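As provided, data.cif (mmCIF, C-alpha atoms) reads as follows.
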```cif
data_coords
#
loop_
_atom_site.label_atom_id
_atom_site.label_comp_id
_atom_site.auth_asym_id
_atom_site.auth_seq_id
_atom_site.Cartn_x
_atom_site.Cartn_y
_atom_site.Cartn_z
CA SER A 1 -34.85 68.30 11.04
CA PHE A 2 -35.83 65.77 13.62
CA MET A 3 -33.46 63.18 12.15
CA LEU A 4 -30.49 65.55 12.33
CA LEU A 5 -31.32 66.61 15.87
CA PHE A 6 -31.60 62.99 16.91
CA ILE A 7 -28.19 62.20 15.48
CA ARG A 8 -26.61 65.20 17.15
CA ASP A 9 -28.23 64.49 20.51
CA ASN A 10 -27.48 60.80 20.47
CA GLY A 11 -24.58 60.58 18.07
CA LYS A 12 -22.06 59.43 20.70
CA ARG A 13 -24.36 56.70 21.95
CA ARG A 14 -25.15 55.49 18.44
CA LEU A 15 -21.46 55.52 17.53
CA ILE A 16 -20.65 53.28 20.50
CA MET A 17 -23.50 50.96 19.61
CA LYS A 18 -22.26 50.71 16.03
CA ASN A 19 -18.75 49.86 17.22
CA LYS A 20 -20.04 47.17 19.61
CA ILE A 21 -22.27 45.65 16.93
CA GLY A 22 -19.38 45.71 14.45
CA LYS A 23 -17.04 43.93 16.83
CA SER A 24 -19.67 41.29 17.67
CA LEU A 25 -20.37 40.67 14.01
CA ALA A 26 -16.64 40.40 13.25
CA THR A 27 -16.10 37.97 16.10
CA ALA A 28 -19.08 35.85 15.10
CA GLY A 29 -17.83 35.82 11.52
CA LEU A 30 -14.36 34.65 12.50
CA LEU A 31 -15.76 31.88 14.68
CA ALA A 32 -18.02 30.73 11.87
CA LEU A 33 -15.12 30.72 9.43
CA ALA A 34 -12.99 28.76 11.89
CA ALA A 35 -15.74 26.18 12.36
CA ILE A 36 -16.24 25.84 8.61
CA GLY A 37 -12.48 25.64 8.05
CA THR A 38 -11.96 22.86 10.57
CA GLN A 39 -14.87 20.91 9.07
CA ILE A 40 -13.42 21.30 5.57
CA LEU A 41 -9.96 20.22 6.69
CA GLY A 42 -11.31 17.43 8.90
CA ILE A 43 -9.74 18.91 12.01
CA ASN A 44 -11.41 18.36 15.36
CA THR A 45 -10.35 19.01 18.93
CA GLN A 46 -8.64 15.65 19.25
CA THR A 47 -6.70 16.22 16.03
CA MET A 48 -5.66 19.68 17.17
CA ASN A 49 -4.35 18.16 20.40
CA ALA A 50 -2.35 15.63 18.41
CA MET A 51 -0.90 18.45 16.30
CA ILE A 52 0.16 20.20 19.47
CA ASN A 53 1.85 17.01 20.65
CA GLU A 54 3.80 16.69 17.41
CA ASP A 55 5.34 20.14 17.73
CA GLY A 56 7.83 18.77 20.23
CA SER A 57 6.08 19.66 23.47
CA GLY A 58 4.73 16.13 23.94
CA GLN A 59 1.94 17.56 26.09
CA THR A 60 -1.80 17.64 25.66
CA PRO A 61 -3.70 20.77 26.79
CA THR A 62 -4.26 19.06 30.16
CA GLY A 63 -0.51 18.52 30.62
CA ASP A 64 -0.48 14.72 30.16
CA SER A 65 2.24 13.14 28.02
CA SER A 66 0.90 11.87 24.71
CA GLN A 67 1.16 8.21 23.74
CA LYS A 68 3.13 9.17 20.65
CA SER A 69 5.85 10.92 22.62
CA ALA A 70 6.02 7.98 25.04
CA GLU A 71 6.87 5.57 22.20
CA LYS A 72 10.42 6.85 21.90
CA MET A 73 13.08 5.37 19.65
CA VAL A 74 16.79 6.04 20.12
CA VAL A 75 19.13 5.54 17.14
CA ILE A 76 22.83 5.66 17.99
CA LYS A 77 25.08 6.33 15.00
CA PRO A 78 28.87 6.71 14.73
CA ASP A 79 28.51 10.49 14.41
CA ASN A 80 26.40 10.89 17.58
CA ALA A 81 27.64 7.94 19.65
CA ASN A 82 29.78 10.05 21.96
CA ASP A 83 26.70 12.04 22.98
CA TYR A 84 25.43 8.95 24.83
CA ILE A 85 28.63 8.24 26.77
CA LYS A 86 29.04 9.57 30.30
CA ASN A 87 31.85 8.41 32.58
CA GLY A 88 32.41 5.36 30.42
CA GLU A 89 28.75 4.31 30.41
CA VAL A 90 26.40 4.38 27.44
CA GLN A 91 23.27 5.91 28.90
CA ILE A 92 19.76 5.55 27.49
CA ALA A 93 17.04 7.88 28.76
CA ASP A 94 14.12 6.58 30.80
CA GLY A 95 10.97 6.24 28.71
CA THR A 96 12.81 4.95 25.64
CA THR A 97 11.04 1.93 24.14
CA GLU A 98 13.33 0.96 21.26
CA VAL A 99 17.08 1.26 20.76
CA ILE A 100 19.05 0.76 17.55
CA VAL A 101 22.84 0.81 17.81
CA CYS A 102 23.98 1.32 14.24
CA VAL A 103 26.83 -0.29 12.32
CA LYS A 104 30.26 0.43 13.87
CA ALA A 105 28.76 2.94 16.32
CA PHE A 106 31.22 2.06 19.11
CA GLN A 107 33.70 -0.11 17.24
CA ASN A 108 37.24 0.16 18.66
CA ASN A 109 36.01 2.52 21.38
CA GLU A 110 38.10 1.70 24.44
CA SER A 111 36.48 4.32 26.69
CA ILE A 112 33.22 2.37 27.00
CA LYS A 113 32.83 0.30 30.15
CA SER A 114 29.14 -0.53 30.20
CA ILE A 115 25.74 -0.02 28.66
CA VAL A 116 22.63 -0.11 30.82
CA PHE A 117 19.10 0.01 29.46
CA PRO A 118 16.09 1.37 31.37
CA ASP A 119 13.24 -1.04 32.04
CA SER A 120 11.08 0.81 29.51
CA VAL A 121 13.07 -0.56 26.53
CA LYS A 122 11.23 -3.37 24.69
CA LYS A 123 13.25 -3.75 21.48
CA ILE A 124 17.01 -3.61 20.91
CA THR A 125 19.02 -4.06 17.74
CA PHE A 126 22.79 -4.29 17.97
CA SER A 127 23.85 -3.75 14.37
CA GLU A 128 26.90 -5.19 12.61
CA ARG A 129 30.20 -4.59 14.48
CA CYS A 130 28.62 -1.94 16.69
CA PHE A 131 30.73 -2.88 19.73
CA LYS A 132 33.41 -4.91 17.98
CA ASN A 133 36.82 -4.67 19.63
CA SER A 134 35.52 -2.14 22.17
CA GLY A 135 36.35 -1.89 25.85
CA ILE A 136 32.87 -2.78 27.08
CA GLU A 137 32.86 -4.80 30.31
CA ASN A 138 29.20 -4.99 31.33
CA LEU A 139 26.01 -5.44 29.30
CA LYS A 140 22.82 -5.20 31.35
CA LEU A 141 19.57 -5.92 29.53
CA PRO A 142 15.99 -4.91 30.47
CA PRO A 143 13.95 -7.55 32.33
CA ASP A 144 10.92 -7.56 30.03
CA MET A 145 11.40 -7.36 26.27
CA GLU A 146 9.74 -8.19 22.96
CA LYS A 147 12.81 -8.67 20.80
CA ILE A 148 16.58 -8.37 20.89
CA THR A 149 18.88 -8.93 17.92
CA PHE A 150 22.67 -9.27 17.95
CA ARG A 151 23.73 -8.86 14.33
CA GLN A 152 26.96 -10.02 12.70
CA GLU A 153 30.05 -9.51 14.86
CA SER A 154 28.22 -6.99 17.02
CA PHE A 155 30.30 -7.92 20.09
CA ARG A 156 33.19 -9.76 18.51
CA TYR A 157 36.61 -9.35 20.15
CA THR A 158 35.09 -7.79 23.28
CA GLU A 159 37.82 -9.24 25.46
CA LYS A 160 36.80 -7.25 28.54
CA LEU A 161 33.14 -8.30 28.46
CA THR A 162 33.18 -10.59 31.48
CA SER A 163 29.63 -10.13 32.77
CA PRO A 164 27.08 -12.94 32.13
CA LEU A 165 24.36 -12.36 29.56
CA VAL A 166 21.11 -12.57 31.52
CA PHE A 167 17.74 -12.48 29.76
CA GLY A 168 14.48 -11.98 31.62
CA ASP A 169 11.09 -12.27 29.96
CA VAL A 170 11.92 -11.86 26.27
CA ALA A 171 9.92 -13.13 23.29
CA ALA A 172 12.62 -13.34 20.60
CA VAL A 173 16.42 -13.50 20.76
CA SER A 174 18.70 -13.81 17.76
CA PHE A 175 22.48 -14.27 17.82
CA GLU A 176 23.64 -13.82 14.24
CA GLU A 177 26.93 -14.76 12.62
CA GLY A 178 29.91 -14.19 14.91
CA ALA A 179 27.88 -12.03 17.31
CA PHE A 180 30.01 -12.92 20.37
CA ALA A 181 32.87 -14.71 18.67
CA ASN A 182 36.24 -14.24 20.38
CA SER A 183 34.53 -12.47 23.30
CA CYS A 184 35.04 -13.16 26.99
CA VAL A 185 31.35 -13.48 27.86
CA PRO A 186 31.24 -16.33 30.41
CA SER A 187 27.63 -17.52 30.24
CA VAL A 188 24.18 -17.08 28.70
CA ASN A 189 21.23 -17.45 31.02
CA PHE A 190 17.56 -17.35 30.08
CA THR A 191 15.35 -17.09 33.14
CA LYS A 192 12.13 -17.71 31.17
CA SER A 193 11.20 -19.53 27.99
CA VAL A 194 11.81 -17.78 24.67
CA ASP A 195 9.30 -17.91 21.80
CA ASN A 196 11.98 -17.65 19.14
CA LEU A 197 15.64 -18.41 19.89
CA TYR A 198 18.34 -18.53 17.23
CA PHE A 199 22.08 -19.28 17.44
CA GLY A 200 23.69 -18.34 14.13
CA GLU A 201 26.91 -19.44 12.51
CA ALA A 202 29.96 -19.06 14.78
CA SER A 203 27.85 -16.89 17.10
CA PHE A 204 29.95 -17.87 20.16
CA CYS A 205 32.92 -19.46 18.44
CA TYR A 206 36.20 -19.01 20.32
CA SER A 207 34.39 -17.24 23.17
CA ASN A 208 34.77 -17.92 26.90
CA ILE A 209 31.22 -19.23 27.30
CA ASP A 210 31.07 -22.24 29.63
CA SER A 211 27.39 -22.23 30.62
CA LEU A 212 24.18 -22.07 28.57
CA ASN A 213 20.73 -22.40 30.12
CA ILE A 214 17.76 -23.02 27.83
CA PRO A 215 14.44 -23.04 29.78
CA GLU A 216 11.57 -25.43 29.32
CA GLY A 217 9.17 -24.46 26.52
CA THR A 218 11.71 -22.45 24.54
CA LYS A 219 11.23 -22.60 20.76
CA ILE A 220 14.43 -23.40 18.88
CA ASP A 221 14.92 -25.77 15.96
CA SER A 222 18.64 -25.65 15.14
CA VAL A 223 22.16 -24.79 16.17
CA ALA A 224 24.12 -23.28 13.28
CA THR A 225 27.55 -24.19 11.97
CA SER A 226 30.36 -23.67 14.51
CA ALA A 227 27.99 -21.83 16.84
CA PHE A 228 29.82 -23.06 19.95
CA SER A 229 33.02 -24.50 18.52
CA PHE A 230 36.27 -23.93 20.39
CA THR A 231 34.49 -22.95 23.62
CA ASN A 232 34.54 -24.16 27.22
CA LEU A 233 30.86 -25.08 27.07
CA LYS A 234 30.48 -28.26 29.11
CA LYS A 235 26.81 -29.23 28.83
CA VAL A 236 23.61 -28.16 27.09
CA ASP A 237 20.10 -29.45 27.73
CA PHE A 238 17.63 -29.32 24.81
CA SER A 239 15.33 -31.99 26.25
CA LYS A 240 12.70 -29.61 27.59
CA ILE A 241 12.34 -27.24 24.65
CA ASP A 242 9.07 -26.85 22.75
CA THR A 243 9.41 -29.92 20.53
CA PRO A 244 9.88 -29.10 16.84
CA GLU A 245 9.20 -31.57 14.02
CA THR A 246 12.88 -31.54 13.09
CA PHE A 247 15.91 -30.34 15.01
CA VAL A 248 19.20 -29.71 13.21
CA PHE A 249 22.72 -29.63 14.60
CA CYS A 250 24.72 -28.08 11.80
CA GLN A 251 28.28 -29.13 11.12
CA TYR A 252 30.88 -28.29 13.75
CA ALA A 253 28.17 -26.88 16.07
CA PHE A 254 30.17 -27.96 19.14
CA ALA A 255 33.45 -28.87 17.47
CA SER A 256 36.58 -28.69 19.63
CA SER A 257 34.52 -27.53 22.62
CA SER A 258 34.56 -28.94 26.15
CA ILE A 259 31.06 -30.38 25.72
CA GLY A 260 30.64 -33.47 27.88
CA GLU A 261 26.85 -33.70 28.14
CA LEU A 262 24.34 -32.94 25.40
CA LYS A 263 20.69 -33.71 26.10
CA LEU A 264 18.81 -33.99 22.83
CA PRO A 265 15.36 -32.52 22.10
CA ASN A 266 12.34 -34.80 21.86
CA ALA A 267 11.94 -34.01 18.18
CA LYS A 268 10.57 -36.53 15.70
CA ASN A 269 13.64 -36.01 13.53
CA ILE A 270 17.11 -35.03 14.71
CA ARG A 271 19.71 -34.33 12.07
CA PHE A 272 23.45 -34.02 12.56
CA GLU A 273 25.02 -32.36 9.54
CA SER A 274 28.56 -33.03 8.46
#
```

Show me this structure written as structure tokens.
Amino acid sequence: SFMLLFIRDNGKRRLIMKNKIGKSLATAGLLALAAIGTQILGINTQTMNAMINEDGSGQTPTGDSSQKSAEKMVVIKPDNANDYIKNGEVQIADGTTEVIVCVKAFQNNESIKSIVFPDSVKKITFSERCFKNSGIENLKLPPDMEKITFRQESFRYTEKLTSPLVFGDVAAVSFEEGAFANSCVPSVNFTKSVDNLYFGEASFCYSNIDSLNIPEGTKIDSVATSAFSFTNLKKVDFSKIDTPETFVFCQYAFASSSIGELKLPNAKNIRFES
């Protein structure tokens, strides 16, 4: 019949057309399903890019580093501490924004000579006894920071630490109990005012500190018990700090030190505890 003849004469052409139509329909179907699926899951192009960044590549499709990968935290623990030491120096990678040195990470480690932070670091926590009784000689801090905390005995008995502690533009600094006690750190120098400064109990007791500079406008309201006792500290000037309502010198704050000049803050109330 005519229909059969038509199929025989044009069967090859019709077969090709069917295959092309089938592939187009299949492709269109998959795209539609993908669009529906992303709408159901709430996934858009931006979200997909973020998912790509989280897989470890840290790159967007255009090759730019993502903000998430740039906000890098380094946590140094006792079991991975040696991975950060090279030729006696604790090395932190450029681009790191926060560093946490965990409890006892480098305690009793005599091979350490220095730790140097890249300028990208904004927050540092030195946990309890992290460098206690270590061989560290030099501690160089970033010039611009948000917060740095020296927890209990973090640098106690660091008898080779002879470099000055120099702080640039930092918002908050906390020296907790015994942080630098029995250390050989010679001086503490703040080049700019600090929004929140704290000297905890015995924080520099029996250390070699002989100079402490507290800039104008710094916010501090107390010096804890024995903070600077048995030191060579000769003078301290609190007269230009941001005036608190009450300033407290806890008992033995400068006991048995070489203090010869102590300029008091212009606080409404000054209390000397005994």

Q: List every protein, DNA or RNA residue with an atom no more than 9 Å from (12.1, -13.3, 22.6) in the file's coordinates, counting only C-alpha atoms, and format the result as a PyMOL selection string.
A: chain A and resi 145-148+169-174+193-197

Q: Take CA of Thr246 in chain A and CA of Lys263 in chain A and report the distance between them in Å, one decimal.
A: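 Computed distance, CA of Thr246 in chain A to CA of Lys263 in chain A, equals 15.3 Å.
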
Q. Any chance you could work out the residue set of the PyMOL selection byres ((chain A and resi 75) around 9) here, as a PyMOL selection string?
A. chain A and resi 73-74+76-77+98-102

Restrict the selected residues to C-alpha atoms and save them as a CSV table (one decimal), in the frame of the given file.
```csv
chain,number,residue,atom,x,y,z
A,73,MET,CA,13.1,5.4,19.6
A,74,VAL,CA,16.8,6.0,20.1
A,76,ILE,CA,22.8,5.7,18.0
A,77,LYS,CA,25.1,6.3,15.0
A,98,GLU,CA,13.3,1.0,21.3
A,99,VAL,CA,17.1,1.3,20.8
A,100,ILE,CA,19.0,0.8,17.6
A,101,VAL,CA,22.8,0.8,17.8
A,102,CYS,CA,24.0,1.3,14.2
```

**Q.** Closest of A:Lys113, A:Lys192, A:Lys104, A:Arg151 to Lys86 in chain A - atom-to-atom distances counting all atoms listed in the file
**A.** A:Lys113

As AutoDock Vina command-line options: centre and edge lengths in Å, one decimal, of the axis-aligned box holding range 219-228 of chain A with 4 Å per side:
```
--center_x 20.8 --center_y -23.8 --center_z 16.4 --size_x 27.1 --size_y 11.9 --size_z 16.8
```

Q) Of the residues A:Pro186, A:Gly168, A:Gly217, A:Gly178, which is the one nearest to Phe204 in chain A, using all atoms listed in the file? A)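 Selected residue with least distance to Phe204 in chain A: A:Gly178.
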
Q) Interatomic distance between CA of Gln107 in chain A and CA of Phe126 in chain A? A)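 About the pair CA of Gln107 in chain A and CA of Phe126 in chain A: they are 11.7 Å apart.
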
Q | Straight-line distance linking CA of Phe272 in chain A with CA of Cys250 in chain A, stated in Å to one decimal | A | 6.1 Å
